[in-house]
Amino acid sequence: MNLTAANTAVVLDSTADFPDAPERFPGWRVVPLYVNLGGRSYRDYVDLGPDELYARRASAATPPTTSQPTPGDFLAVYEELAGRYERILSLQLSSTLSGTYASAVTAAEQLGDAVRVFDTRTVSAAIAVLALAVQRRLERGTTEKEIDALVDRFRRDHGLLFTVDTLEFLARGGRIGRAAAFAGTLLSVKPVLELDDGEVVPVKRVRGSQKALEELVARLTAESVDRPALRVALAHAAAPERLAALERLVQEARPQATIEVTTTVGAVLGVHAGPGAVGLFWYDDEE
């Protein structure tokens, strides 16, 4: 079957940090995860934005937690799209970080072969970069075999680095992984972290936020070629100045690269990363 933008829909979850996707592409939908705060459950980006999360968590009696969408949440979106599209490609955050992928698979089983669910093995704007690569192929016409090859190559080759103000929030949410080795460092020492097959892994400790941003870009420079096919995304959690500084560094180091997405980390990822986090994501989309 030839897959096109006219006959194939794309479904993300809210951890892709791409809330305006349905406005940009009529065949795209976003299924929100949940933030549990003050005895209530809020849909990511829908009922609770990141700024409100940071404002409210300071006075909350207990720290916020997060939870995955239900299979019913996914099924409602799949059924709505199935009336208009022959195929649905559903791209979910790493199954090692959340049960979201499992919920999507359970829902997809209700619709037979109409829905393909992919474990992206990544998170945040990296998922948006992959989805945009899928969309480019749909717009020119593609096949399921080509999409499978793209996803496999993306999992293997994409870059994802981030820095946080403190490891407290990752540790509290149980998402710290091997980065626990960096716990307990001085406040002025910033960790540079990556996601290795869904696990948070320590890369380097540097002194100060600017050095952390420079280290992110140094890795981008070492692991990429400066050309328009290099697709880059940037994300921040209550750190717009750091995001702007990172964008300037990327433009200087890779002036030909295409910066596809600059975004604010949603409330769900904000629970785990904490304010001050900044992420850099890249993929050379060699079509």
# chains A, B, ... in the order shown; residues from 1 in each chain; ligands from 1
>>> closest_atom_pairs(of="region 2-61 of chain A", to="region 234-249 of chain A", cutoff="12 Å", atoms="only C-alpha atoms", output="CSV")
residue,atom,partner,partner_atom,distance
A:Thr15,CA,A:Ala235,CA,11.4
A:Ala16,CA,A:Ala235,CA,10.3
A:Asp17,CA,A:Ala235,CA,8.1
A:Phe18,CA,A:Ala235,CA,10.2
A:Gly49,CA,A:Ala237,CA,11.0
A:Pro50,CA,A:Ala237,CA,7.6
A:Asp51,CA,A:Ala238,CA,7.2
A:Glu52,CA,A:Ala238,CA,10.8
A:Leu53,CA,A:Ala238,CA,10.5
A:Tyr54,CA,A:Ala238,CA,8.4
A:Ala55,CA,A:Ala238,CA,10.8
>>> write_last_selection(atoms="C-alpha atoms", output="PDB file, in the first residue's frame")
ATOM      1  CA  THR A  15       5.696  14.023  25.712  1.00  0.00           C
ATOM      2  CA  ALA A  16       6.663  14.868  22.127  1.00  0.00           C
ATOM      3  CA  ASP A  17       6.304  18.489  23.320  1.00  0.00           C
ATOM      4  CA  PHE A  18       4.611  19.416  20.033  1.00  0.00           C
ATOM      5  CA  GLY A  49       0.662  23.913  31.331  1.00  0.00           C
ATOM      6  CA  PRO A  50       4.275  23.944  32.501  1.00  0.00           C
ATOM      7  CA  ASP A  51       4.176  27.452  33.995  1.00  0.00           C
ATOM      8  CA  GLU A  52       1.198  26.548  36.156  1.00  0.00           C
ATOM      9  CA  LEU A  53       2.897  23.328  37.211  1.00  0.00           C
ATOM     10  CA  TYR A  54       5.992  25.132  38.507  1.00  0.00           C
ATOM     11  CA  ALA A  55       3.885  27.766  40.254  1.00  0.00           C
TER      12      ALA A  55
END
>>> residues_around(residues="region 137-141 of chain A", least_positions_apart="3", cutoff="12 Å", atoms="only C-alpha atoms", output="ChimeraX atom specification")
/A:1-10,25,27,87-89,130-134,144-150,285-287
>>> select_by_dssp(residues="region 25-171 of chain A", states="alpha helix (DSSP H)", output="PDB file with N, CA, C and O atoms, in the first residue's frame")
ATOM      1  N   PRO A  50       3.064  23.999  31.674  1.00  0.00           N
ATOM      2  CA  PRO A  50       4.275  23.944  32.501  1.00  0.00           C
ATOM      3  C   PRO A  50       4.401  25.105  33.480  1.00  0.00           C
ATOM      4  O   PRO A  50       4.824  24.895  34.621  1.00  0.00           O
ATOM      5  N   ASP A  51       4.040  26.316  33.082  1.00  0.00           N
ATOM      6  CA  ASP A  51       4.176  27.452  33.995  1.00  0.00           C
ATOM      7  C   ASP A  51       3.308  27.269  35.232  1.00  0.00           C
ATOM      8  O   ASP A  51       3.739  27.557  36.361  1.00  0.00           O
ATOM      9  N   GLU A  52       2.092  26.776  35.018  1.00  0.00           N
ATOM     10  CA  GLU A  52       1.198  26.548  36.156  1.00  0.00           C
ATOM     11  C   GLU A  52       1.729  25.437  37.043  1.00  0.00           C
ATOM     12  O   GLU A  52       1.624  25.499  38.275  1.00  0.00           O
ATOM     13  N   LEU A  53       2.317  24.413  36.422  1.00  0.00           N
ATOM     14  CA  LEU A  53       2.897  23.328  37.211  1.00  0.00           C
ATOM     15  C   LEU A  53       3.952  23.864  38.172  1.00  0.00           C
ATOM     16  O   LEU A  53       3.919  23.572  39.370  1.00  0.00           O
ATOM     17  N   TYR A  54       4.905  24.643  37.657  1.00  0.00           N
ATOM     18  CA  TYR A  54       5.992  25.132  38.507  1.00  0.00           C
ATOM     19  C   TYR A  54       5.472  26.071  39.592  1.00  0.00           C
ATOM     20  O   TYR A  54       5.985  26.074  40.712  1.00  0.00           O
ATOM     21  N   ALA A  55       4.448  26.851  39.265  1.00  0.00           N
ATOM     22  CA  ALA A  55       3.885  27.766  40.254  1.00  0.00           C
ATOM     23  C   ALA A  55       3.184  27.009  41.375  1.00  0.00           C
ATOM     24  O   ALA A  55       3.276  27.376  42.557  1.00  0.00           O
ATOM     25  N   ARG A  56       2.487  25.932  41.016  1.00  0.00           N
ATOM     26  CA  ARG A  56       1.672  25.222  41.993  1.00  0.00           C
ATOM     27  C   ARG A  56       2.448  24.181  42.787  1.00  0.00           C
ATOM     28  O   ARG A  56       2.084  23.866  43.920  1.00  0.00           O
ATOM     29  N   ARG A  57       3.518  23.619  42.178  1.00  0.00           N
ATOM     30  CA  ARG A  57       4.220  22.546  42.890  1.00  0.00           C
ATOM     31  C   ARG A  57       4.910  23.068  44.138  1.00  0.00           C
ATOM     32  O   ARG A  57       5.109  22.318  45.108  1.00  0.00           O
ATOM     33  N   PRO A  71      -5.667   2.956  27.613  1.00  0.00           N
ATOM     34  CA  PRO A  71      -5.985   2.453  26.272  1.00  0.00           C
ATOM     35  C   PRO A  71      -7.214   3.127  25.682  1.00  0.00           C
ATOM     36  O   PRO A  71      -7.279   3.376  24.471  1.00  0.00           O
ATOM     37  N   GLY A  72      -8.186   3.459  26.543  1.00  0.00           N
ATOM     38  CA  GLY A  72      -9.383   4.150  26.065  1.00  0.00           C
ATOM     39  C   GLY A  72      -9.091   5.521  25.503  1.00  0.00           C
ATOM     40  O   GLY A  72      -9.742   5.969  24.546  1.00  0.00           O
ATOM     41  N   ASP A  73      -8.104   6.218  26.078  1.00  0.00           N
ATOM     42  CA  ASP A  73      -7.709   7.529  25.552  1.00  0.00           C
ATOM     43  C   ASP A  73      -7.204   7.391  24.118  1.00  0.00           C
ATOM     44  O   ASP A  73      -7.555   8.179  23.234  1.00  0.00           O
ATOM     45  N   PHE A  74      -6.358   6.396  23.909  1.00  0.00           N
ATOM     46  CA  PHE A  74      -5.835   6.167  22.564  1.00  0.00           C
ATOM     47  C   PHE A  74      -6.931   5.678  21.617  1.00  0.00           C
ATOM     48  O   PHE A  74      -7.014   6.117  20.464  1.00  0.00           O
ATOM     49  N   LEU A  75      -7.769   4.773  22.113  1.00  0.00           N
ATOM     50  CA  LEU A  75      -8.796   4.199  21.246  1.00  0.00           C
ATOM     51  C   LEU A  75      -9.748   5.272  20.731  1.00  0.00           C
ATOM     52  O   LEU A  75     -10.152   5.239  19.554  1.00  0.00           O
ATOM     53  N   ALA A  76     -10.098   6.230  21.570  1.00  0.00           N
ATOM     54  CA  ALA A  76     -10.995   7.306  21.132  1.00  0.00           C
ATOM     55  C   ALA A  76     -10.376   8.087  19.970  1.00  0.00           C
ATOM     56  O   ALA A  76     -11.069   8.444  19.000  1.00  0.00           O
ATOM     57  N   VAL A  77      -9.073   8.348  20.040  1.00  0.00           N
ATOM     58  CA  VAL A  77      -8.393   9.069  18.966  1.00  0.00           C
ATOM     59  C   VAL A  77      -8.276   8.201  17.724  1.00  0.00           C
ATOM     60  O   VAL A  77      -8.538   8.654  16.598  1.00  0.00           O
ATOM     61  N   TYR A  78      -7.912   6.942  17.900  1.00  0.00           N
ATOM     62  CA  TYR A  78      -7.785   6.043  16.751  1.00  0.00           C
ATOM     63  C   TYR A  78      -9.124   5.884  16.020  1.00  0.00           C
ATOM     64  O   TYR A  78      -9.183   5.898  14.783  1.00  0.00           O
ATOM     65  N   GLU A  79     -10.201   5.724  16.775  1.00  0.00           N
ATOM     66  CA  GLU A  79     -11.510   5.536  16.138  1.00  0.00           C
ATOM     67  C   GLU A  79     -11.945   6.788  15.385  1.00  0.00           C
ATOM     68  O   GLU A  79     -12.541   6.685  14.300  1.00  0.00           O
ATOM     69  N   GLU A  80     -11.647   7.944  15.939  1.00  0.00           N
ATOM     70  CA  GLU A  80     -11.984   9.195  15.233  1.00  0.00           C
ATOM     71  C   GLU A  80     -11.234   9.291  13.915  1.00  0.00           C
ATOM     72  O   GLU A  80     -11.794   9.656  12.880  1.00  0.00           O
ATOM     73  N   LEU A  81      -9.962   8.929  13.919  1.00  0.00           N
ATOM     74  CA  LEU A  81      -9.146   9.007  12.702  1.00  0.00           C
ATOM     75  C   LEU A  81      -9.480   7.902  11.710  1.00  0.00           C
ATOM     76  O   LEU A  81      -9.378   8.096  10.496  1.00  0.00           O
ATOM     77  N   ALA A  82      -9.856   6.733  12.220  1.00  0.00           N
ATOM     78  CA  ALA A  82     -10.108   5.595  11.341  1.00  0.00           C
ATOM     79  C   ALA A  82     -11.251   5.859  10.370  1.00  0.00           C
ATOM     80  O   ALA A  82     -11.330   5.237   9.306  1.00  0.00           O
ATOM     81  N   THR A 100       3.012   4.250  28.376  1.00  0.00           N
ATOM     82  CA  THR A 100       2.224   4.857  27.303  1.00  0.00           C
ATOM     83  C   THR A 100       2.213   3.991  26.057  1.00  0.00           C
ATOM     84  O   THR A 100       1.164   3.798  25.426  1.00  0.00           O
ATOM     85  N   TYR A 101       3.359   3.464  25.679  1.00  0.00           N
ATOM     86  CA  TYR A 101       3.443   2.597  24.496  1.00  0.00           C
ATOM     87  C   TYR A 101       2.530   1.382  24.667  1.00  0.00           C
ATOM     88  O   TYR A 101       1.793   1.010  23.741  1.00  0.00           O
ATOM     89  N   ALA A 102       2.540   0.776  25.843  1.00  0.00           N
ATOM     90  CA  ALA A 102       1.694  -0.399  26.088  1.00  0.00           C
ATOM     91  C   ALA A 102       0.218  -0.043  25.962  1.00  0.00           C
ATOM     92  O   ALA A 102      -0.581  -0.826  25.413  1.00  0.00           O
ATOM     93  N   SER A 103      -0.187   1.130  26.459  1.00  0.00           N
ATOM     94  CA  SER A 103      -1.579   1.559  26.316  1.00  0.00           C
ATOM     95  C   SER A 103      -1.954   1.726  24.853  1.00  0.00           C
ATOM     96  O   SER A 103      -3.053   1.340  24.428  1.00  0.00           O
ATOM     97  N   ALA A 104      -1.047   2.296  24.081  1.00  0.00           N
ATOM     98  CA  ALA A 104      -1.310   2.495  22.655  1.00  0.00           C
ATOM     99  C   ALA A 104      -1.442   1.157  21.932  1.00  0.00           C
ATOM    100  O   ALA A 104      -2.317   0.986  21.072  1.00  0.00           O
ATOM    101  N   VAL A 105      -0.588   0.202  22.269  1.00  0.00           N
ATOM    102  CA  VAL A 105      -0.661  -1.125  21.639  1.00  0.00           C
ATOM    103  C   VAL A 105      -1.982  -1.808  21.975  1.00  0.00           C
ATOM    104  O   VAL A 105      -2.640  -2.395  21.100  1.00  0.00           O
ATOM    105  N   THR A 106      -2.396  -1.733  23.228  1.00  0.00           N
ATOM    106  CA  THR A 106      -3.669  -2.345  23.630  1.00  0.00           C
ATOM    107  C   THR A 106      -4.829  -1.752  22.845  1.00  0.00           C
ATOM    108  O   THR A 106      -5.724  -2.465  22.384  1.00  0.00           O
ATOM    109  N   ALA A 107      -4.819  -0.426  22.682  1.00  0.00           N
ATOM    110  CA  ALA A 107      -5.889   0.222  21.917  1.00  0.00           C
ATOM    111  C   ALA A 107      -5.837  -0.163  20.448  1.00  0.00           C
ATOM    112  O   ALA A 107      -6.869  -0.423  19.816  1.00  0.00           O
ATOM    113  N   ALA A 108      -4.638  -0.214  19.881  1.00  0.00           N
ATOM    114  CA  ALA A 108      -4.487  -0.519  18.452  1.00  0.00           C
ATOM    115  C   ALA A 108      -4.991  -1.912  18.117  1.00  0.00           C
ATOM    116  O   ALA A 108      -5.494  -2.141  17.007  1.00  0.00           O
ATOM    117  N   ALA A 125      11.164  16.533  22.158  1.00  0.00           N
ATOM    118  CA  ALA A 125      11.138  17.002  20.775  1.00  0.00           C
ATOM    119  C   ALA A 125      11.830  16.060  19.813  1.00  0.00           C
ATOM    120  O   ALA A 125      11.671  16.192  18.592  1.00  0.00           O
ATOM    121  N   ALA A 126      12.592  15.088  20.318  1.00  0.00           N
ATOM    122  CA  ALA A 126      13.146  14.065  19.424  1.00  0.00           C
ATOM    123  C   ALA A 126      12.018  13.305  18.730  1.00  0.00           C
ATOM    124  O   ALA A 126      12.137  12.940  17.545  1.00  0.00           O
ATOM    125  N   ILE A 127      10.926  13.059  19.436  1.00  0.00           N
ATOM    126  CA  ILE A 127       9.779  12.395  18.822  1.00  0.00           C
ATOM    127  C   ILE A 127       9.190  13.269  17.731  1.00  0.00           C
ATOM    128  O   ILE A 127       8.801  12.783  16.661  1.00  0.00           O
ATOM    129  N   ALA A 128       9.133  14.581  17.972  1.00  0.00           N
ATOM    130  CA  ALA A 128       8.628  15.504  16.955  1.00  0.00           C
ATOM    131  C   ALA A 128       9.504  15.481  15.711  1.00  0.00           C
ATOM    132  O   ALA A 128       8.998  15.527  14.582  1.00  0.00           O
ATOM    133  N   VAL A 129      10.816  15.410  15.889  1.00  0.00           N
ATOM    134  CA  VAL A 129      11.733  15.335  14.746  1.00  0.00           C
ATOM    135  C   VAL A 129      11.458  14.084  13.921  1.00  0.00           C
ATOM    136  O   VAL A 129      11.416  14.119  12.686  1.00  0.00           O
ATOM    137  N   LEU A 130      11.258  12.953  14.595  1.00  0.00           N
ATOM    138  CA  LEU A 130      10.933  11.720  13.887  1.00  0.00           C
ATOM    139  C   LEU A 130       9.597  11.845  13.165  1.00  0.00           C
ATOM    140  O   LEU A 130       9.466  11.440  11.998  1.00  0.00           O
ATOM    141  N   ALA A 131       8.601  12.411  13.834  1.00  0.00           N
ATOM    142  CA  ALA A 131       7.279  12.548  13.215  1.00  0.00           C
ATOM    143  C   ALA A 131       7.335  13.431  11.977  1.00  0.00           C
ATOM    144  O   ALA A 131       6.660  13.159  10.970  1.00  0.00           O
ATOM    145  N   LEU A 132       8.137  14.479  12.021  1.00  0.00           N
ATOM    146  CA  LEU A 132       8.275  15.358  10.854  1.00  0.00           C
ATOM    147  C   LEU A 132       8.974  14.629   9.707  1.00  0.00           C
ATOM    148  O   LEU A 132       8.644  14.853   8.532  1.00  0.00           O
ATOM    149  N   ALA A 133       9.912  13.763  10.028  1.00  0.00           N
ATOM    150  CA  ALA A 133      10.545  12.944   8.987  1.00  0.00           C
ATOM    151  C   ALA A 133       9.529  11.994   8.358  1.00  0.00           C
ATOM    152  O   ALA A 133       9.525  11.781   7.132  1.00  0.00           O
ATOM    153  N   VAL A 134       8.655  11.424   9.184  1.00  0.00           N
ATOM    154  CA  VAL A 134       7.576  10.575   8.660  1.00  0.00           C
ATOM    155  C   VAL A 134       6.667  11.388   7.751  1.00  0.00           C
ATOM    156  O   VAL A 134       6.301  10.936   6.645  1.00  0.00           O
ATOM    157  N   GLN A 135       6.304  12.581   8.184  1.00  0.00           N
ATOM    158  CA  GLN A 135       5.395  13.418   7.397  1.00  0.00           C
ATOM    159  C   GLN A 135       5.988  13.762   6.037  1.00  0.00           C
ATOM    160  O   GLN A 135       5.263  13.770   5.030  1.00  0.00           O
ATOM    161  N   ARG A 136       7.279  14.058   5.984  1.00  0.00           N
ATOM    162  CA  ARG A 136       7.902  14.362   4.688  1.00  0.00           C
ATOM    163  C   ARG A 136       7.765  13.194   3.729  1.00  0.00           C
ATOM    164  O   ARG A 136       7.517  13.381   2.532  1.00  0.00           O
ATOM    165  N   ARG A 137       7.885  12.007   4.228  1.00  0.00           N
ATOM    166  CA  ARG A 137       7.744  10.827   3.376  1.00  0.00           C
ATOM    167  C   ARG A 137       6.295  10.623   2.950  1.00  0.00           C
ATOM    168  O   ARG A 137       6.020  10.229   1.817  1.00  0.00           O
ATOM    169  N   LEU A 138       5.376  10.867   3.867  1.00  0.00           N
ATOM    170  CA  LEU A 138       3.963  10.743   3.504  1.00  0.00           C
ATOM    171  C   LEU A 138       3.595  11.748   2.418  1.00  0.00           C
ATOM    172  O   LEU A 138       2.798  11.439   1.514  1.00  0.00           O
ATOM    173  N   GLU A 139       4.165  12.927   2.471  1.00  0.00           N
ATOM    174  CA  GLU A 139       3.811  13.967   1.500  1.00  0.00           C
ATOM    175  C   GLU A 139       4.308  13.640   0.094  1.00  0.00           C
ATOM    176  O   GLU A 139       3.732  14.119  -0.889  1.00  0.00           O
ATOM    177  N   ARG A 140       5.336  12.834  -0.011  1.00  0.00           N
ATOM    178  CA  ARG A 140       5.807  12.422  -1.341  1.00  0.00           C
ATOM    179  C   ARG A 140       5.383  11.004  -1.699  1.00  0.00           C
ATOM    180  O   ARG A 140       5.604  10.541  -2.813  1.00  0.00           O
ATOM    181  N   GLU A 144       5.169   1.163   4.122  1.00  0.00           N
ATOM    182  CA  GLU A 144       5.398   0.766   5.503  1.00  0.00           C
ATOM    183  C   GLU A 144       6.833   0.295   5.690  1.00  0.00           C
ATOM    184  O   GLU A 144       7.447   0.544   6.746  1.00  0.00           O
ATOM    185  N   LYS A 145       7.392  -0.357   4.675  1.00  0.00           N
ATOM    186  CA  LYS A 145       8.782  -0.809   4.763  1.00  0.00           C
ATOM    187  C   LYS A 145       9.726   0.376   4.933  1.00  0.00           C
ATOM    188  O   LYS A 145      10.669   0.328   5.744  1.00  0.00           O
ATOM    189  N   GLU A 146       9.486   1.446   4.194  1.00  0.00           N
ATOM    190  CA  GLU A 146      10.338   2.625   4.312  1.00  0.00           C
ATOM    191  C   GLU A 146      10.178   3.288   5.675  1.00  0.00           C
ATOM    192  O   GLU A 146      11.156   3.756   6.271  1.00  0.00           O
ATOM    193  N   ILE A 147       8.956   3.336   6.186  1.00  0.00           N
ATOM    194  CA  ILE A 147       8.728   3.915   7.515  1.00  0.00           C
ATOM    195  C   ILE A 147       9.426   3.075   8.579  1.00  0.00           C
ATOM    196  O   ILE A 147      10.061   3.614   9.499  1.00  0.00           O
ATOM    197  N   ASP A 148       9.343   1.759   8.469  1.00  0.00           N
ATOM    198  CA  ASP A 148      10.031   0.883   9.416  1.00  0.00           C
ATOM    199  C   ASP A 148      11.535   1.147   9.402  1.00  0.00           C
ATOM    200  O   ASP A 148      12.181   1.217  10.462  1.00  0.00           O
ATOM    201  N   ALA A 149      12.090   1.298   8.207  1.00  0.00           N
ATOM    202  CA  ALA A 149      13.527   1.545   8.088  1.00  0.00           C
ATOM    203  C   ALA A 149      13.898   2.894   8.694  1.00  0.00           C
ATOM    204  O   ALA A 149      14.941   3.035   9.354  1.00  0.00           O
ATOM    205  N   LEU A 150      13.049   3.890   8.475  1.00  0.00           N
ATOM    206  CA  LEU A 150      13.289   5.213   9.056  1.00  0.00           C
ATOM    207  C   LEU A 150      13.308   5.138  10.567  1.00  0.00           C
ATOM    208  O   LEU A 150      14.228   5.678  11.218  1.00  0.00           O
ATOM    209  N   VAL A 151      12.310   4.500  11.156  1.00  0.00           N
ATOM    210  CA  VAL A 151      12.229   4.427  12.616  1.00  0.00           C
ATOM    211  C   VAL A 151      13.435   3.674  13.180  1.00  0.00           C
ATOM    212  O   VAL A 151      14.036   4.092  14.185  1.00  0.00           O
ATOM    213  N   ASP A 152      13.815   2.572  12.541  1.00  0.00           N
ATOM    214  CA  ASP A 152      14.977   1.813  13.014  1.00  0.00           C
ATOM    215  C   ASP A 152      16.241   2.654  12.953  1.00  0.00           C
ATOM    216  O   ASP A 152      17.051   2.647  13.890  1.00  0.00           O
ATOM    217  N   ARG A 153      16.425   3.385  11.857  1.00  0.00           N
ATOM    218  CA  ARG A 153      17.615   4.218  11.707  1.00  0.00           C
ATOM    219  C   ARG A 153      17.597   5.371  12.713  1.00  0.00           C
ATOM    220  O   ARG A 153      18.626   5.724  13.291  1.00  0.00           O
ATOM    221  N   PHE A 154      16.420   5.948  12.926  1.00  0.00           N
ATOM    222  CA  PHE A 154      16.298   7.044  13.880  1.00  0.00           C
ATOM    223  C   PHE A 154      16.662   6.580  15.282  1.00  0.00           C
ATOM    224  O   PHE A 154      17.407   7.269  16.006  1.00  0.00           O
ATOM    225  N   ARG A 155      16.133   5.450  15.695  1.00  0.00           N
ATOM    226  CA  ARG A 155      16.455   4.932  17.023  1.00  0.00           C
ATOM    227  C   ARG A 155      17.971   4.791  17.208  1.00  0.00           C
ATOM    228  O   ARG A 155      18.513   5.075  18.275  1.00  0.00           O
ATOM    229  N   ARG A 156      18.629   4.357  16.154  1.00  0.00           N
ATOM    230  CA  ARG A 156      20.061   4.087  16.225  1.00  0.00           C
ATOM    231  C   ARG A 156      20.907   5.359  16.163  1.00  0.00           C
ATOM    232  O   ARG A 156      21.926   5.481  16.841  1.00  0.00           O
ATOM    233  N   ASP A 157      20.491   6.330  15.342  1.00  0.00           N
ATOM    234  CA  ASP A 157      21.382   7.429  14.979  1.00  0.00           C
ATOM    235  C   ASP A 157      21.034   8.790  15.575  1.00  0.00           C
ATOM    236  O   ASP A 157      21.865   9.703  15.511  1.00  0.00           O
ATOM    237  N   GLU A 168      17.427  16.233  41.429  1.00  0.00           N
ATOM    238  CA  GLU A 168      16.398  15.932  42.427  1.00  0.00           C
ATOM    239  C   GLU A 168      15.118  15.404  41.794  1.00  0.00           C
ATOM    240  O   GLU A 168      14.533  14.423  42.254  1.00  0.00           O
ATOM    241  N   PHE A 169      14.663  16.065  40.718  1.00  0.00           N
ATOM    242  CA  PHE A 169      13.363  15.704  40.160  1.00  0.00           C
ATOM    243  C   PHE A 169      13.420  14.372  39.406  1.00  0.00           C
ATOM    244  O   PHE A 169      12.487  13.567  39.482  1.00  0.00           O
ATOM    245  N   LEU A 170      14.518  14.112  38.689  1.00  0.00           N
ATOM    246  CA  LEU A 170      14.671  12.818  38.027  1.00  0.00           C
ATOM    247  C   LEU A 170      14.719  11.704  39.060  1.00  0.00           C
ATOM    248  O   LEU A 170      14.117  10.634  38.872  1.00  0.00           O
ATOM    249  N   ALA A 171      15.428  11.931  40.147  1.00  0.00           N
ATOM    250  CA  ALA A 171      15.534  10.908  41.186  1.00  0.00           C
ATOM    251  C   ALA A 171      14.190  10.662  41.853  1.00  0.00           C
ATOM    252  O   ALA A 171      13.797   9.516  42.100  1.00  0.00           O
TER     253      ALA A 171
END
>>> closest_residue(among="A:Ala253, A:Ile259, A:Leu93, A:Ala212", to="Pro228 (chain A)", atoms="only C-alpha atoms")
A:Ile259
>>> residues_around(residues="Asp47 (chain A)", least_positions_apart="5", cutoff="10 Å", atoms="only C-alpha atoms", output="list of chain:residue names")
A:Pro32, A:Tyr34, A:Val35, A:Ser41, A:Tyr42, A:Glu52, A:Ala267
>>> closest_residue(among="A:Asp284, A:Asp20, A:Asp197, A:Asp226", to="Thr264 (chain A)", atoms="only C-alpha atoms")
A:Asp20
>>> residues_around(residues="region 202-205 of chain A", least_positions_apart="2", cutoff="6 Å", atoms="only C-alpha atoms", output="PDB file with N, CA and C atoms, in the first residue's frame")
ATOM      1  N   ALA A 179      22.422   7.953  35.724  1.00  0.00           N
ATOM      2  CA  ALA A 179      22.782   9.326  36.089  1.00  0.00           C
ATOM      3  C   ALA A 179      22.823   9.514  37.594  1.00  0.00           C
ATOM      4  N   LYS A 190      26.912  21.341  36.768  1.00  0.00           N
ATOM      5  CA  LYS A 190      25.732  20.935  36.013  1.00  0.00           C
ATOM      6  C   LYS A 190      25.985  19.612  35.286  1.00  0.00           C
ATOM      7  N   PRO A 191      25.050  18.669  35.381  1.00  0.00           N
ATOM      8  CA  PRO A 191      25.227  17.407  34.679  1.00  0.00           C
ATOM      9  C   PRO A 191      24.775  17.510  33.218  1.00  0.00           C
ATOM     10  N   VAL A 192      25.537  16.904  32.343  1.00  0.00           N
ATOM     11  CA  VAL A 192      25.114  16.705  30.949  1.00  0.00           C
ATOM     12  C   VAL A 192      24.721  15.244  30.829  1.00  0.00           C
ATOM     13  N   LEU A 193      23.513  15.012  30.319  1.00  0.00           N
ATOM     14  CA  LEU A 193      22.923  13.671  30.313  1.00  0.00           C
ATOM     15  C   LEU A 193      22.460  13.306  28.906  1.00  0.00           C
TER      16      LEU A 193
END
>>> residues_around(residues="Thr120 (chain A)", least_positions_apart="2", cutoff="6 Å", atoms="only C-alpha atoms", output="list in words")
Gln92, Leu93, Ser94, Phe118 and Thr122 of chain A
>>> select_by_dssp(residues="region 19-266 of chain A", states="strand (DSSP E or B)", output="VMD selection string")
chain A and resid 28 to 31 34 to 37 40 to 44 48 65 to 67 87 to 92 115 to 119 142 159 to 163 189 to 196 199 to 207 230 to 236 258 to 264
>>> closest_residue(among="A:Ala58, A:Ala277, A:Leu33, A:Leu91", to="Leu213 (chain A)", atoms="only C-alpha atoms")
A:Ala277
>>> closest_residue(among="A:Leu37, A:Val261, A:Ala273, A:Val46", to="Thr66 (chain A)", atoms="only C-alpha atoms")
A:Leu37
